[in-house]
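S.K.: Handing you a structure now.
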Amino acid sequence: DAGITQSPRHKVTETGTPVTLRCHQTENHRYMYWYRQDPGHGLRLIHYSYGVKDTDKGEVSDGYSVSRSKTEDFLLTLESATSSQTSVYFCAISQASGGGKLFFGSGTQLSVL
Amino acid sequence: DAKTTQPNSMESNEEEPVHLPCNHSTISGTDYIHWYRQLPSQGPEYVIHGLTSNVNNRMASLAIAEDRKSSTLILHRATLRDAAVYYCILIDYNQGGKLIFGQGTELSVKP
């Protein structure tokens, strides 16, 4: 299994509070991604990174920011959490070469009350 | 981004082959075809990928049409553990390699 660790695995927070989710990899892969998964919507891309300090928006980036100061860490921040951000969040990594596999973490269940 | 179209659901009997179709009529020359599956309460799992030629691995086979506008994931002998949502996705690594998931096909396997 690819070395991907998401933390925390579960979090309950209140509306308006900041939240940071962490994705840590030990594979030295170039690309990292954050997805959210909700019933009826499948997996939707939030942000992705193609290198240290290189990030771009995905399909549903409003209300989220990301940072990647090291190859191994990709942080997802909800500046002011809202109930609509209650979801399961998945991190994924892939190599730089064309057609490479993506490996997903185990997910973070976030509940915003 | 090129889109894919899959049936919402399919059923199979245990130990029989399963053919999961995917249409991607707007595929570009640099798009790779990837298949992932997601078991209940787990993250997506890589199954197989290809560009132009058919591909085989220990999990499945991928048959790609000659014009590349469609592909089929083949599970040679379905087991109960293959019950999952299967996603067909196009990836262009010249565009950041991001995956855009569709709704996928929910496969149920009957004993």
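In the structure tokens, chains take letters A, B, ... by order of appearance, with residues numbered from 1 within each chain and ligands from 1 in the order shown.
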Show which residues sit within 6 Å of His34 (chain B), as a list in words. Count only C-alpha atoms, and ignore same-chain residues fewer than 4 positions away.

M.R.: His49, Cys88 and Ile89 of chain B

S.K.: Considering only strand (DSSP E or B) as DSSP defines it on the backbone, what residues of chain B qualify? List them as an MDAnalysis selection string.

M.R.: chainID B and resid 5 9:13 18:23 31:38 45:50 55:56 61:64 70:75 84:92 105:110

S.K.: List every residue of chain B that has an atom at most 9 Å from any atom of chain A, and for each one report the closest atom pair and its distance in Å to one decimal, counting only C-alpha atoms, with rows sorted by chain and then by increasing residue number, as a Markdown table.

M.R.:
```
| residue | atom | partner | partner_atom | distance |
| --- | --- | --- | --- | --- |
| B:Thr30 | CA | A:Gly98 | CA | 8.9 |
| B:Asp31 | CA | A:Gly99 | CA | 8.3 |
| B:Tyr32 | CA | A:Gly99 | CA | 5.7 |
| B:Ile33 | CA | A:Gly99 | CA | 8.1 |
| B:His34 | CA | A:Gly99 | CA | 8.1 |
| B:Tyr36 | CA | A:Leu102 | CA | 9.0 |
| B:Ser41 | CA | A:Ser106 | CA | 8.8 |
| B:Gln42 | CA | A:Ser106 | CA | 6.2 |
| B:Gly43 | CA | A:Ser106 | CA | 5.3 |
| B:Pro44 | CA | A:Phe104 | CA | 6.1 |
| B:Glu45 | CA | A:Phe103 | CA | 6.9 |
| B:Tyr46 | CA | A:Leu102 | CA | 6.6 |
| B:Val47 | CA | A:Lys101 | CA | 8.9 |
| B:Ile48 | CA | A:Lys101 | CA | 8.2 |
| B:His49 | CA | A:Gly99 | CA | 7.3 |
| B:Gly50 | CA | A:Gly99 | CA | 7.4 |
| B:Leu51 | CA | A:Gly99 | CA | 7.8 |
| B:Ile91 | CA | A:Gly99 | CA | 7.2 |
| B:Asp92 | CA | A:Gly98 | CA | 7.7 |
| B:Tyr93 | CA | A:Gly98 | CA | 5.3 |
| B:Asn94 | CA | A:Gly98 | CA | 7.9 |
| B:Gly96 | CA | A:Tyr50 | CA | 6.4 |
| B:Gly97 | CA | A:Tyr31 | CA | 7.6 |
| B:Lys98 | CA | A:Tyr48 | CA | 7.2 |
| B:Leu99 | CA | A:Leu45 | CA | 7.4 |
| B:Ile100 | CA | A:Leu45 | CA | 6.6 |
| B:Phe101 | CA | A:Leu43 | CA | 5.8 |
| B:Gly102 | CA | A:Gly42 | CA | 7.0 |
| B:Gln103 | CA | A:Gly42 | CA | 5.7 |
| B:Gly104 | CA | A:Gly42 | CA | 8.1 |
```

S.K.: Could you check how far CA of Val85 (chain B) sits from CA of Pro17 (chain B), in Å to one decimal?

M.R.: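 Between CA of Val85 (chain B) and CA of Pro17 (chain B) the gap works out to 16.5 Å.
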
S.K.: Would you compute the distance between CA of Thr71 (chain A) and CA of Thr5 (chain A)? Give it in Å to one decimal.

M.R.: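 Distance reported for this atom pair: 13.8 Å.
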
S.K.: Please, what distance in Å, to one decimal, runs between CA of Ile93 (chain A) and CA of Leu110 (chain A)?

M.R.: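 We find that CA of Ile93 (chain A) and CA of Leu110 (chain A) lie 20.5 Å from each other.
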
S.K.: Quick one: everything within 9 Å of Gly63 (chain A), counting only C-alpha atoms, minus sequence neighbours fewer than 2 positions away in the same chain. Send it as a list in words.

M.R.: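 So the residues in contact are Val60, Ser61, Ser65, Thr77, Leu78, Glu79, Ser80, Ala81, Thr82 and Gln85 of chain A.
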
S.K.: Using only C-alpha atoms, which of B:Asn23, B:Asn13, B:Ser28, B:Thr52 sits nearest Leu75 (chain B)?

M.R.: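 When distances to Leu75 (chain B) are compared using only C-alpha atoms, the smallest one comes from B:Asn13.
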
S.K.: With only C-alpha atoms as the counted atoms, please give the residues lying no more than 7 Å from Gln6 (chain A), apart from itself and same-chain residues fewer than 2 positions off, as an MDAnalysis selection string.

M.R.: chainID A and resid 4 8:9 22:24 105:108
